[in-house]
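Coordinates from entry.cif are shown below (mmCIF, C-alpha atoms and all ligand atoms).
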data_my_file
#
loop_
_atom_site.label_atom_id
_atom_site.label_comp_id
_atom_site.auth_asym_id
_atom_site.auth_seq_id
_atom_site.Cartn_x
_atom_site.Cartn_y
_atom_site.Cartn_z
CA MET Z 1 16.06 -10.20 -12.09
CA SER Z 2 19.71 -9.14 -12.25
CA SER Z 3 18.25 -5.65 -11.85
CA PHE Z 4 16.66 -6.53 -8.52
CA ARG Z 5 18.31 -3.58 -6.76
CA THR Z 6 16.34 -1.11 -8.86
CA VAL Z 7 13.21 -3.19 -9.55
CA GLY Z 8 12.60 -4.70 -6.12
CA ARG Z 9 10.45 -2.84 -3.64
CA LYS Z 10 11.20 -4.51 -0.37
CA ILE Z 11 13.76 -6.36 1.65
CA VAL Z 12 12.34 -8.84 4.12
CA ALA Z 13 15.03 -9.77 6.61
CA ILE Z 14 14.82 -12.76 8.92
CA GLY Z 15 16.15 -12.45 12.45
CA ARG Z 16 17.58 -15.31 14.50
CA ASN Z 17 17.65 -18.01 11.83
CA PHE Z 18 20.85 -19.57 13.20
CA ALA Z 19 20.67 -20.96 16.73
CA ASP Z 20 24.30 -20.01 17.48
CA HIS Z 21 23.66 -16.36 16.56
CA ALA Z 22 20.41 -16.18 18.54
CA LYS Z 23 22.39 -17.46 21.50
CA GLU Z 24 25.25 -14.94 21.14
CA LEU Z 25 22.74 -12.07 21.40
CA GLY Z 26 20.98 -13.73 24.34
CA ASN Z 27 17.81 -14.47 22.39
CA ALA Z 28 15.59 -17.54 22.53
CA VAL Z 29 15.45 -19.77 19.45
CA PRO Z 30 12.16 -18.84 17.76
CA SER Z 31 9.28 -21.20 16.95
CA LYS Z 32 8.42 -19.21 13.81
CA PRO Z 33 10.40 -16.93 11.50
CA MET Z 34 10.90 -13.43 12.89
CA LEU Z 35 10.87 -10.87 10.12
CA PHE Z 36 11.51 -7.18 9.65
CA LEU Z 37 11.71 -4.79 6.70
CA LYS Z 38 14.72 -2.88 5.39
CA PRO Z 39 14.31 -0.13 2.78
CA THR Z 40 15.74 -0.70 -0.70
CA SER Z 41 17.34 2.75 -0.32
CA SER Z 42 19.85 1.00 1.95
CA TYR Z 43 21.39 -1.03 -0.91
CA ALA Z 44 25.11 -0.46 -1.57
CA ALA Z 45 26.48 -2.30 -4.59
CA ASN Z 46 29.72 -4.29 -4.52
CA GLY Z 47 32.75 -2.00 -4.42
CA LYS Z 48 30.97 1.10 -3.13
CA THR Z 49 32.43 2.89 -0.13
CA ILE Z 50 29.73 2.63 2.50
CA GLU Z 51 29.08 5.34 5.05
CA ILE Z 52 28.01 4.35 8.54
CA PRO Z 53 26.65 6.64 11.29
CA SER Z 54 29.69 7.64 13.33
CA GLN Z 55 27.63 8.09 16.49
CA CYS Z 56 26.38 4.46 16.45
CA ASP Z 57 27.72 1.01 17.30
CA VAL Z 58 27.35 -0.64 13.88
CA HIS Z 59 27.54 -4.43 13.46
CA HIS Z 60 27.96 -6.65 10.41
CA GLU Z 61 25.66 -9.61 9.71
CA VAL Z 62 26.62 -11.57 6.59
CA GLU Z 63 23.61 -13.25 4.94
CA LEU Z 64 22.47 -15.23 1.93
CA GLY Z 65 19.86 -13.23 0.01
CA VAL Z 66 17.07 -14.88 -1.96
CA VAL Z 67 15.88 -12.87 -4.98
CA ILE Z 68 12.22 -13.32 -5.90
CA GLY Z 69 11.61 -13.89 -9.61
CA GLN Z 70 7.83 -13.93 -9.75
CA THR Z 71 5.01 -12.92 -7.45
CA ALA Z 72 4.64 -15.18 -4.43
CA ARG Z 73 1.27 -14.78 -2.73
CA ARG Z 74 0.25 -17.32 -0.13
CA VAL Z 75 2.37 -20.09 -1.60
CA SER Z 76 2.98 -23.47 -0.04
CA GLU Z 77 6.42 -24.71 0.97
CA ALA Z 78 6.19 -27.22 -1.88
CA ASP Z 79 5.74 -24.44 -4.46
CA ALA Z 80 8.03 -21.86 -2.88
CA MET Z 81 11.28 -22.52 -4.77
CA LYS Z 82 9.59 -21.83 -8.13
CA HIS Z 83 9.49 -18.18 -7.10
CA VAL Z 84 13.27 -17.90 -6.65
CA ALA Z 85 15.20 -16.15 -9.44
CA GLY Z 86 18.57 -16.41 -7.76
CA TYR Z 87 20.82 -15.61 -4.85
CA THR Z 88 22.86 -12.70 -3.63
CA LEU Z 89 25.28 -11.96 -0.81
CA ALA Z 90 24.32 -9.19 1.57
CA ILE Z 91 25.44 -7.67 4.82
CA ASP Z 92 22.58 -6.75 7.11
CA MET Z 93 24.26 -3.77 8.76
CA THR Z 94 22.74 -3.02 12.15
CA ALA Z 95 23.12 -0.13 14.59
CA ARG Z 96 23.24 -2.50 17.55
CA ASP Z 97 22.99 0.26 20.15
CA LEU Z 98 19.83 1.62 18.53
CA GLN Z 99 18.43 -1.87 18.08
CA ASN Z 100 19.02 -2.70 21.74
CA ALA Z 101 17.36 0.56 22.83
CA ALA Z 102 14.43 -0.13 20.49
CA LYS Z 103 14.00 -3.66 21.84
CA LYS Z 104 14.01 -2.38 25.41
CA ALA Z 105 11.47 0.34 24.66
CA GLY Z 106 9.27 -1.86 22.46
CA HIS Z 107 9.96 0.41 19.49
CA PRO Z 108 10.32 -0.56 15.82
CA TRP Z 109 13.71 -1.64 14.46
CA SER Z 110 13.44 0.37 11.25
CA VAL Z 111 16.00 3.06 12.07
CA ALA Z 112 18.52 0.60 13.54
CA LYS Z 113 18.32 -1.43 10.31
CA GLY Z 114 17.47 1.21 7.74
CA PHE Z 115 20.27 3.76 7.24
CA ASP Z 116 21.57 4.46 3.76
CA ASP Z 117 24.29 1.91 2.89
CA PHE Z 118 23.05 -0.53 5.54
CA THR Z 119 22.56 -3.30 2.96
CA PRO Z 120 25.81 -3.84 1.07
CA ILE Z 121 24.86 -6.40 -1.57
CA THR Z 122 26.40 -8.11 -4.59
CA ASP Z 123 24.94 -8.87 -7.98
CA MET Z 124 22.73 -11.94 -8.28
CA VAL Z 125 23.65 -15.41 -9.44
CA SER Z 126 20.88 -17.52 -11.00
CA ALA Z 127 19.10 -20.14 -8.94
CA GLU Z 128 20.86 -22.92 -10.93
CA THR Z 129 24.28 -21.64 -9.80
CA ILE Z 130 23.67 -22.82 -6.24
CA LYS Z 131 22.54 -26.43 -6.31
CA ASP Z 132 21.80 -26.63 -2.60
CA PRO Z 133 21.24 -23.27 -0.91
CA HIS Z 134 20.86 -25.13 2.38
CA ASN Z 135 24.48 -26.19 2.17
CA VAL Z 136 26.57 -23.13 1.41
CA ARG Z 137 29.37 -21.62 3.42
CA LEU Z 138 29.22 -17.88 4.12
CA TRP Z 139 32.03 -15.90 5.62
CA LEU Z 140 32.97 -12.31 6.37
CA LYS Z 141 36.37 -10.78 7.02
CA ILE Z 142 37.27 -7.36 8.38
CA ASN Z 143 40.70 -6.10 7.33
CA GLY Z 144 41.57 -9.65 6.30
CA GLU Z 145 40.56 -11.25 9.59
CA THR Z 146 37.71 -13.79 9.60
CA LYS Z 147 34.83 -12.70 11.82
CA GLN Z 148 31.95 -14.88 10.62
CA ASP Z 149 32.19 -18.31 9.02
CA GLY Z 150 29.03 -20.37 8.96
CA THR Z 151 26.96 -22.70 6.87
CA THR Z 152 23.31 -22.57 5.87
CA GLN Z 153 23.11 -26.18 7.02
CA ASP Z 154 22.50 -24.50 10.38
CA PHE Z 155 19.37 -22.62 9.28
CA ILE Z 156 16.52 -22.98 11.74
CA PHE Z 157 14.00 -22.33 8.94
CA GLY Z 158 14.81 -23.31 5.37
CA ILE Z 159 14.12 -21.17 2.33
CA PRO Z 160 10.78 -22.83 1.34
CA ARG Z 161 9.48 -22.23 4.85
CA LEU Z 162 10.64 -18.59 4.81
CA ILE Z 163 9.08 -17.84 1.42
CA SER Z 164 5.83 -19.61 2.32
CA HIS Z 165 5.60 -17.93 5.72
CA VAL Z 166 6.30 -14.40 4.46
CA SER Z 167 4.01 -14.84 1.45
CA GLN Z 168 1.07 -15.71 3.71
CA ILE Z 169 1.48 -12.32 5.38
CA MET Z 170 2.66 -10.05 2.58
CA THR Z 171 2.91 -10.68 -1.16
CA LEU Z 172 6.46 -11.06 -2.43
CA GLU Z 173 7.06 -9.38 -5.77
CA GLU Z 174 9.61 -9.62 -8.58
CA GLY Z 175 12.94 -8.28 -7.35
CA ASP Z 176 12.10 -8.42 -3.66
CA VAL Z 177 14.84 -9.91 -1.51
CA ILE Z 178 14.66 -12.14 1.54
CA LEU Z 179 17.72 -11.98 3.79
CA THR Z 180 17.90 -15.36 5.45
CA GLY Z 181 19.70 -14.53 8.71
CA THR Z 182 23.26 -14.50 9.96
CA PRO Z 183 25.50 -17.06 11.66
CA LYS Z 184 27.39 -16.25 14.85
CA GLY Z 185 30.33 -13.86 14.97
CA VAL Z 186 28.60 -10.51 14.51
CA GLY Z 187 30.61 -7.57 15.77
CA PRO Z 188 31.57 -3.94 15.24
CA VAL Z 189 32.42 -2.24 11.96
CA ARG Z 190 34.33 1.04 12.10
CA PRO Z 191 35.19 3.82 9.66
CA GLY Z 192 38.39 2.83 7.84
CA ASP Z 193 37.55 -0.87 7.89
CA HIS Z 194 37.60 -3.05 4.78
CA LEU Z 195 34.79 -5.62 4.54
CA GLU Z 196 35.06 -8.74 2.43
CA ALA Z 197 32.49 -11.49 2.25
CA ALA Z 198 31.77 -14.56 0.16
CA ILE Z 199 29.44 -17.48 -0.35
CA GLU Z 200 30.83 -20.86 -1.36
CA SER Z 201 28.83 -23.67 -2.91
CA GLU Z 202 30.36 -27.13 -3.43
CA GLY Z 203 33.79 -25.70 -2.61
CA GLU Z 204 33.51 -22.92 -5.23
CA GLN Z 205 33.20 -19.24 -4.47
CA VAL Z 206 29.96 -18.20 -6.20
CA LEU Z 207 29.41 -14.77 -4.65
CA HIS Z 208 32.00 -12.28 -3.42
CA GLY Z 209 31.90 -8.64 -2.36
CA GLU Z 210 34.17 -5.96 -0.90
CA TRP Z 211 33.32 -2.64 0.65
CA ASN Z 212 35.40 0.10 2.24
CA VAL Z 213 33.83 1.82 5.23
CA ALA Z 214 33.67 5.53 5.95
CA GLY Z 215 31.91 7.39 8.76
CA ARG Z 216 29.31 10.14 8.61
CA HIS Z 217 27.65 12.10 11.35
CA VAL Z 218 23.87 11.71 11.11
CA ASP Z 219 22.30 15.09 11.68
CA ALA Z 220 19.26 13.86 13.61
CA GLU Z 221 18.34 12.75 17.10
CA LEU Z 222 18.49 8.95 16.88
CA MET O 189 3.71 11.04 -9.08
CA SER O 190 0.06 10.08 -9.45
CA SER O 191 1.52 6.60 -10.04
CA PHE O 192 3.16 6.56 -6.61
CA ARG O 193 1.53 3.24 -5.67
CA THR O 194 3.45 1.43 -8.40
CA VAL O 195 6.58 3.62 -8.57
CA GLY O 196 7.27 4.16 -4.86
CA ARG O 197 9.46 1.71 -3.01
CA LYS O 198 8.77 2.44 0.61
CA ILE O 199 6.23 3.67 3.09
CA VAL O 200 7.72 5.40 6.12
CA ALA O 201 5.07 5.62 8.80
CA ILE O 202 5.33 7.89 11.83
CA GLY O 203 4.08 6.63 15.18
CA ARG O 204 2.70 8.82 17.94
CA ASN O 205 2.56 12.14 16.09
CA PHE O 206 -0.60 13.25 17.90
CA ALA O 207 -0.36 13.66 21.66
CA ASP O 208 -3.96 12.52 22.22
CA HIS O 209 -3.36 9.25 20.32
CA ALA O 210 -0.08 8.56 22.13
CA LYS O 211 -2.01 8.98 25.37
CA GLU O 212 -4.87 6.64 24.39
CA LEU O 213 -2.37 3.82 23.82
CA GLY O 214 -0.54 4.64 27.07
CA ASN O 215 2.59 5.88 25.33
CA ALA O 216 4.83 8.83 26.25
CA VAL O 217 4.92 11.80 23.87
CA PRO O 218 8.18 11.36 21.92
CA SER O 219 11.05 13.86 21.73
CA LYS O 220 11.85 12.79 18.16
CA PRO O 221 9.81 11.22 15.37
CA MET O 222 9.32 7.47 15.76
CA LEU O 223 9.30 5.75 12.42
CA PHE O 224 8.65 2.33 10.97
CA LEU O 225 8.37 0.80 7.49
CA LYS O 226 5.36 -0.70 5.78
CA PRO O 227 5.70 -2.66 2.53
CA THR O 228 4.21 -1.17 -0.65
CA SER O 229 2.62 -4.60 -1.19
CA SER O 230 0.14 -3.51 1.52
CA TYR O 231 -1.44 -0.80 -0.66
CA ALA O 232 -5.17 -1.18 -1.38
CA ALA O 233 -6.59 1.40 -3.78
CA ASN O 234 -9.81 3.27 -3.12
CA GLY O 235 -12.85 1.05 -3.60
CA LYS O 236 -11.06 -2.29 -3.22
CA THR O 237 -12.47 -4.82 -0.77
CA ILE O 238 -9.73 -5.27 1.80
CA GLU O 239 -9.02 -8.55 3.50
CA ILE O 240 -7.89 -8.55 7.12
CA PRO O 241 -6.49 -11.47 9.13
CA SER O 242 -9.50 -12.98 10.87
CA GLN O 243 -7.39 -14.27 13.77
CA CYS O 244 -6.11 -10.74 14.67
CA ASP O 245 -7.45 -7.66 16.44
CA VAL O 246 -7.11 -5.17 13.58
CA HIS O 247 -7.31 -1.40 14.19
CA HIS O 248 -7.79 1.57 11.85
CA GLU O 249 -5.50 4.61 11.94
CA VAL O 250 -6.52 7.33 9.48
CA GLU O 251 -3.53 9.39 8.28
CA LEU O 252 -2.44 12.12 5.90
CA GLY O 253 0.14 10.71 3.47
CA VAL O 254 2.90 12.85 1.96
CA VAL O 255 4.02 11.70 -1.51
CA ILE O 256 7.66 12.42 -2.35
CA GLY O 257 8.21 13.96 -5.78
CA GLN O 258 11.99 14.05 -5.98
CA THR O 259 14.84 12.45 -4.07
CA ALA O 260 15.28 13.83 -0.55
CA ARG O 261 18.68 12.96 0.91
CA ARG O 262 19.76 14.75 4.08
CA VAL O 263 17.61 17.79 3.44
CA SER O 264 17.04 20.65 5.87
CA GLU O 265 13.61 21.54 7.22
CA ALA O 266 13.79 24.74 5.14
CA ASP O 267 14.20 22.77 1.90
CA ALA O 268 11.93 19.85 2.78
CA MET O 269 8.65 20.97 1.20
CA LYS O 270 10.27 21.21 -2.25
CA HIS O 271 10.38 17.42 -2.24
CA VAL O 272 6.62 17.01 -1.81
CA ALA O 273 4.63 16.06 -4.94
CA GLY O 274 1.29 15.86 -3.20
CA TYR O 275 -0.89 14.30 -0.56
CA THR O 276 -2.94 11.18 -0.13
CA LEU O 277 -5.30 9.70 2.42
CA ALA O 278 -4.31 6.38 3.96
CA ILE O 279 -5.38 4.05 6.69
CA ASP O 280 -2.47 2.56 8.60
CA MET O 281 -4.11 -0.76 9.43
CA THR O 282 -2.54 -2.39 12.46
CA ALA O 283 -2.87 -5.82 14.04
CA ARG O 284 -2.95 -4.33 17.54
CA ASP O 285 -2.66 -7.69 19.29
CA LEU O 286 0.47 -8.57 17.30
CA GLN O 287 1.87 -5.06 17.80
CA ASN O 288 1.35 -5.25 21.56
CA ALA O 289 3.01 -8.68 21.69
CA ALA O 290 5.91 -7.38 19.58
CA LYS O 291 6.38 -4.34 21.83
CA LYS O 292 6.42 -6.53 24.90
CA ALA O 293 8.95 -8.95 23.41
CA GLY O 294 11.13 -6.23 21.83
CA HIS O 295 10.36 -7.61 18.38
CA PRO O 296 9.93 -5.69 15.12
CA TRP O 297 6.52 -4.31 14.15
CA SER O 298 6.73 -5.37 10.52
CA VAL O 299 4.17 -8.19 10.64
CA ALA O 300 1.69 -6.22 12.77
CA LYS O 301 1.82 -3.40 10.20
CA GLY O 302 2.63 -5.25 6.99
CA PHE O 303 -0.17 -7.60 5.88
CA ASP O 304 -1.55 -7.34 2.35
CA ASP O 305 -4.28 -4.66 2.26
CA PHE O 306 -2.98 -3.00 5.45
CA THR O 307 -2.55 0.35 3.69
CA PRO O 308 -5.83 1.35 2.07
CA ILE O 309 -4.91 4.55 0.20
CA THR O 310 -6.51 7.00 -2.23
CA ASP O 311 -5.09 8.64 -5.32
CA MET O 312 -2.88 11.70 -4.82
CA VAL O 313 -3.83 15.35 -4.99
CA SER O 314 -1.08 17.79 -5.98
CA ALA O 315 0.75 19.78 -3.32
CA GLU O 316 -1.03 22.98 -4.43
CA THR O 317 -4.43 21.45 -3.66
CA ILE O 318 -3.76 21.61 0.07
CA LYS O 319 -2.62 25.13 0.97
CA ASP O 320 -1.81 24.31 4.58
CA PRO O 321 -1.24 20.61 5.28
CA HIS O 322 -0.80 21.53 8.95
CA ASN O 323 -4.42 22.59 9.10
CA VAL O 324 -6.53 19.85 7.58
CA ARG O 325 -9.29 17.84 9.18
CA LEU O 326 -9.16 14.07 8.84
CA TRP O 327 -11.93 11.74 9.81
CA LEU O 328 -12.87 8.09 9.57
CA LYS O 329 -16.25 6.42 9.87
CA ILE O 330 -17.15 2.76 10.27
CA ASN O 331 -20.60 1.81 8.97
CA GLY O 332 -21.46 5.52 8.95
CA GLU O 333 -20.40 6.17 12.55
CA THR O 334 -17.54 8.63 13.18
CA LYS O 335 -14.61 6.99 14.97
CA GLN O 336 -11.74 9.42 14.33
CA ASP O 337 -12.02 13.17 13.73
CA GLY O 338 -8.83 15.16 14.17
CA THR O 339 -6.81 17.98 12.75
CA THR O 340 -3.18 18.12 11.67
CA GLN O 341 -2.95 21.30 13.74
CA ASP O 342 -2.29 18.79 16.52
CA PHE O 343 0.82 17.28 14.91
CA ILE O 344 3.71 16.97 17.33
CA PHE O 345 6.19 17.11 14.41
CA GLY O 346 5.31 19.01 11.25
CA ILE O 347 5.94 17.75 7.73
CA PRO O 348 9.26 19.63 7.16
CA ARG O 349 10.62 18.12 10.35
CA LEU O 350 9.45 14.62 9.37
CA ILE O 351 10.96 14.81 5.86
CA SER O 352 14.22 16.27 7.15
CA HIS O 353 14.51 13.74 9.97
CA VAL O 354 13.77 10.69 7.82
CA SER O 355 16.02 11.91 5.00
CA GLN O 356 19.01 12.16 7.36
CA ILE O 357 18.60 8.44 8.06
CA MET O 358 17.37 7.01 4.77
CA THR O 359 17.06 8.62 1.35
CA LEU O 360 13.49 9.32 0.30
CA GLU O 361 12.82 8.59 -3.37
CA GLU O 362 10.21 9.55 -5.95
CA GLY O 363 6.91 7.93 -5.08
CA ASP O 364 7.82 7.08 -1.49
CA VAL O 365 5.11 7.94 1.02
CA ILE O 366 5.35 9.27 4.56
CA LEU O 367 2.34 8.49 6.73
CA THR O 368 2.19 11.30 9.24
CA GLY O 369 0.47 9.64 12.18
CA THR O 370 -3.07 9.26 13.45
CA PRO O 371 -5.27 11.25 15.82
CA LYS O 372 -7.11 9.60 18.70
CA GLY O 373 -10.05 7.27 18.24
CA VAL O 374 -8.35 4.18 16.85
CA GLY O 375 -10.32 1.00 17.31
CA PRO O 376 -11.31 -2.36 15.85
CA VAL O 377 -12.23 -3.12 12.25
CA ARG O 378 -14.13 -6.32 11.53
CA PRO O 379 -15.04 -8.35 8.46
CA GLY O 380 -18.26 -6.94 7.02
CA ASP O 381 -17.43 -3.36 8.05
CA HIS O 382 -17.53 -0.43 5.64
CA LEU O 383 -14.72 2.12 6.06
CA GLU O 384 -15.03 5.69 4.86
CA ALA O 385 -12.45 8.42 5.39
CA ALA O 386 -11.76 11.91 4.17
CA ILE O 387 -9.45 14.89 4.42
CA GLU O 388 -10.84 18.41 4.38
CA SER O 389 -8.86 21.54 3.60
CA GLU O 390 -10.41 24.98 4.07
CA GLY O 391 -13.81 23.39 4.54
CA GLU O 392 -13.60 21.42 1.27
CA GLN O 393 -13.26 17.66 0.99
CA VAL O 394 -10.06 17.13 -1.01
CA LEU O 395 -9.50 13.40 -0.46
CA HIS O 396 -12.06 10.68 0.13
CA GLY O 397 -11.95 6.89 0.16
CA GLU O 398 -14.19 3.92 0.90
CA TRP O 399 -13.33 0.30 1.47
CA ASN O 400 -15.39 -2.78 2.31
CA VAL O 401 -13.77 -5.22 4.70
CA ALA O 402 -13.58 -9.00 4.39
CA GLY O 403 -11.77 -11.52 6.57
CA ARG O 404 -9.19 -14.12 5.65
CA HIS O 405 -7.50 -16.75 7.73
CA VAL O 406 -3.73 -16.29 7.53
CA ASP O 407 -2.16 -19.71 7.14
CA ALA O 408 0.92 -19.02 9.26
CA GLU O 409 1.90 -18.89 12.92
CA LEU O 410 1.77 -15.16 13.74
MG MG R 1 20.29 -9.98 10.04
MG MG R 2 9.97 -1.19 1.45
MG MG R 3 -0.11 4.92 12.27
#
Rewrite the structure of this file - the entire thing - as structure tokens.
Ligand SMILES: [Mg+2]
Ligand SMILES: [Mg+2]
Ligand SMILES: [Mg+2]
Amino acid sequence: MSSFRTVGRKIVAIGRNFADHAKELGNAVPSKPMLFLKPTSSYAANGKTIEIPSQCDVHHEVELGVVIGQTARRVSEADAMKHVAGYTLAIDMTARDLQNAAKKAGHPWSVAKGFDDFTPITDMVSAETIKDPHNVRLWLKINGETKQDGTTQDFIFGIPRLISHVSQIMTLEEGDVILTGTPKGVGPVRPGDHLEAAIESEGEQVLHGEWNVAGRHVDAEL
Amino acid sequence: MSSFRTVGRKIVAIGRNFADHAKELGNAVPSKPMLFLKPTSSYAANGKTIEIPSQCDVHHEVELGVVIGQTARRVSEADAMKHVAGYTLAIDMTARDLQNAAKKAGHPWSVAKGFDDFTPITDMVSAETIKDPHNVRLWLKINGETKQDGTTQDFIFGIPRLISHVSQIMTLEEGDVILTGTPKGVGPVRPGDHLEAAIESEGEQVLHGEWNVAGRHVDAEL
């Protein structure tokens, strides 16, 4: 599944899976996973210059991605990890102004989360590379300055629960990705910025990505 | 692109594209297309028995689907129709209770719209088969009784506008489908029901599908 970016058909992103991040956006801590879809057309491989809508307030959310290796349909928590091919590092880019307007109006989040280049993502490492995915450090820097630095020890819902929950609703297929949520420290990304992010397991950097940021004017009423 | 159900990677659905349907749900008529994503894992081919969550209030929304034939990235309305491979007939199944709760809470619509089998869909007819996609009749019957009967003459936003708008935000790829919205008459679907729907162009039935409905208990907090 190293080709997940071209094979996979959906990205299921989890919102508010770290209590400190839920709090910073003024949200209640959820009793069940909150999920939304991002289009695979939003993938931007490591090293690409990403373009963000210049008329929006775009935020970074660094996240651990779980790559599905084989179909998961209504699986139990006990069986869930068998369906994991590996892990990736992603940034769930978000037009926060559009998301806030959508929330207020009761509208879908798909535009706020779905622009081209809104999912910068690295290659995959195999499941064996990360012994305990519930104990990895993930950080993000902008222009060399640390903005997010968290640990998946602070997950509200662990990976087996996420896979089981999602798979009861919609079948997960080979190459699909679950983005597991972001720790606190989200904030603005601007054209000209340099993004760098990493995931560390047992003190070793196992995933690392860098992206330069450019702006583009989106020729549509948003 | 007759294989769009296996090749395509996203479904972009348009909400409130018929004024009479917007009104029946108490929504304002939008000034721009409202869009949301459905997962391709929700496809259910013609003739399949679909399973709906027995603990939800599930509604039918019959829609004309536009199948993308070649990549559409930031295309103009004038160029948009060149990217259309053909048309399909789909039902945008919706857990209305979950959607209403999501709207109220400012949450995403992805669960309400994304269950397995929530996009019953026929095969594709080529673009040439439908001379004027802005003048087709679409209807849906439950157990032989007509529930929806509308015409795409009542679209708020035509297909070139939808393709252009979406493609400014996210790139449309080969096999992707745009669901163009539903006319009035949406209502409940229950286990045991028989769904039948069709699209008529110039007095001829060009697309037709039938699905039996079963219930399943979703083993997750929704
Ligand atoms: Mg996120
Ligand atoms: Mg998708
Ligand atoms: Mg619809």
Specify as a compact mmCIF listing (two decimals) with C-alpha atoms, in the coordinates of the input all residues of chain Z found within 10 Å of chain O, counting all atoms listed in the file.
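Result file follows (part24.txt):
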# COMPACT_ATOMS: atom_id res chain seq x y z
CA THR Z 6 16.34 -1.11 -8.86
CA VAL Z 7 13.21 -3.19 -9.55
CA GLY Z 8 12.60 -4.70 -6.12
CA ARG Z 9 10.45 -2.84 -3.64
CA LYS Z 10 11.20 -4.51 -0.37
CA ILE Z 11 13.76 -6.36 1.65
CA VAL Z 12 12.34 -8.84 4.12
CA GLY Z 15 16.15 -12.45 12.45
CA SER Z 31 9.28 -21.20 16.95
CA LYS Z 32 8.42 -19.21 13.81
CA PRO Z 33 10.40 -16.93 11.50
CA MET Z 34 10.90 -13.43 12.89
CA LEU Z 35 10.87 -10.87 10.12
CA PHE Z 36 11.51 -7.18 9.65
CA LEU Z 37 11.71 -4.79 6.70
CA LYS Z 38 14.72 -2.88 5.39
CA PRO Z 39 14.31 -0.13 2.78
CA THR Z 40 15.74 -0.70 -0.70
CA SER Z 41 17.34 2.75 -0.32
CA SER Z 42 19.85 1.00 1.95
CA PRO Z 53 26.65 6.64 11.29
CA ARG Z 73 1.27 -14.78 -2.73
CA ARG Z 74 0.25 -17.32 -0.13
CA VAL Z 75 2.37 -20.09 -1.60
CA SER Z 76 2.98 -23.47 -0.04
CA GLN Z 99 18.43 -1.87 18.08
CA ASN Z 100 19.02 -2.70 21.74
CA ALA Z 101 17.36 0.56 22.83
CA ALA Z 102 14.43 -0.13 20.49
CA LYS Z 103 14.00 -3.66 21.84
CA LYS Z 104 14.01 -2.38 25.41
CA ALA Z 105 11.47 0.34 24.66
CA GLY Z 106 9.27 -1.86 22.46
CA HIS Z 107 9.96 0.41 19.49
CA PRO Z 108 10.32 -0.56 15.82
CA TRP Z 109 13.71 -1.64 14.46
CA SER Z 110 13.44 0.37 11.25
CA VAL Z 111 16.00 3.06 12.07
CA ALA Z 112 18.52 0.60 13.54
CA GLY Z 114 17.47 1.21 7.74
CA PHE Z 115 20.27 3.76 7.24
CA ASP Z 116 21.57 4.46 3.76
CA ASP Z 117 24.29 1.91 2.89
CA PHE Z 118 23.05 -0.53 5.54
CA SER Z 164 5.83 -19.61 2.32
CA HIS Z 165 5.60 -17.93 5.72
CA VAL Z 166 6.30 -14.40 4.46
CA SER Z 167 4.01 -14.84 1.45
CA GLN Z 168 1.07 -15.71 3.71
CA ILE Z 169 1.48 -12.32 5.38
CA MET Z 170 2.66 -10.05 2.58
CA THR Z 171 2.91 -10.68 -1.16
CA LEU Z 172 6.46 -11.06 -2.43
CA GLU Z 173 7.06 -9.38 -5.77
CA HIS Z 217 27.65 12.10 11.35
CA VAL Z 218 23.87 11.71 11.11
CA ASP Z 219 22.30 15.09 11.68
CA ALA Z 220 19.26 13.86 13.61
CA GLU Z 221 18.34 12.75 17.10
CA LEU Z 222 18.49 8.95 16.88
Per-residue nearest contacts of chain O to ligand MG 3 (chain R) (6 Å; all atoms listed in the file) as CSV:
residue,atom,partner,partner_atom,distance
O:Gly203,CA,R:MG3,MG,5.4
O:Glu249,CA,R:MG3,MG,5.4
O:Asp280,CA,R:MG3,MG,5.0
O:Gly369,CA,R:MG3,MG,4.8
O:Thr370,CA,R:MG3,MG,5.4
Residues near Ala44 in chain Z, anyone? I mean within 8 Å using all atoms listed in the file, not counting same-chain ones fewer than 3 positions away, as a CSV table (one decimal) with C-alpha atoms, in the coordinates of the input.
chain,number,residue,atom,x,y,z
Z,48,LYS,CA,31.0,1.1,-3.1
Z,50,ILE,CA,29.7,2.6,2.5
Z,117,ASP,CA,24.3,1.9,2.9
Z,118,PHE,CA,23.0,-0.5,5.5
Z,119,THR,CA,22.6,-3.3,3.0
Z,120,PRO,CA,25.8,-3.8,1.1
Z,121,ILE,CA,24.9,-6.4,-1.6
Quiz item: What is the distance between CA of Val29 in chain Z and CA of Tyr43 in chain Z, in Å to one decimal?
Solution: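 For CA of Val29 in chain Z relative to CA of Tyr43 in chain Z, the distance reads 28.3 Å.
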Quiz item: What is the distance between CA of Leu277 in chain O and CA of Ser242 in chain O, in Å to one decimal?
Solution: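 Atom-to-atom, CA of Leu277 in chain O to CA of Ser242 in chain O, that is 24.6 Å.
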Quiz item: Counting all atoms listed in the file, which of O:Met312, O:Ala273, O:Ala201, O:Ile351 gets nearest to ligand MG 2 (chain R)?
Solution: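 So, comparing all the options, the nearest one is O:Ala201.
For Gly192 in chain Z, the set of protein, DNA and RNA residues having any atom at most 8 Å away, when counting only C-alpha atoms and skipping those fewer than 2 positions along the same chain, is Arg190, His194, Asn212, Val213, Ala214 and Gly215 of chain Z.
Across the structure, CA of Ile240 in chain O and CA of Ile178 in chain Z are spaced 23.5 Å apart.
In this comparison, which uses only C-alpha atoms and all ligand atoms, the residue of Z:Val177, Z:Leu207, Z:Val58, Z:Val189 approaching ligand MG 2 (chain R) most closely is Z:Val177.
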Exercise. Might you pull out every residue within 8 Å of range 126-138 of chain Z, with all atoms listed in the file counted and same-chain residues fewer than 4 positions away left off, and present them as a PyMOL selection string?
Key: chain Z and resi 62-64+84-87+148-153+155+158-159+197-202+206
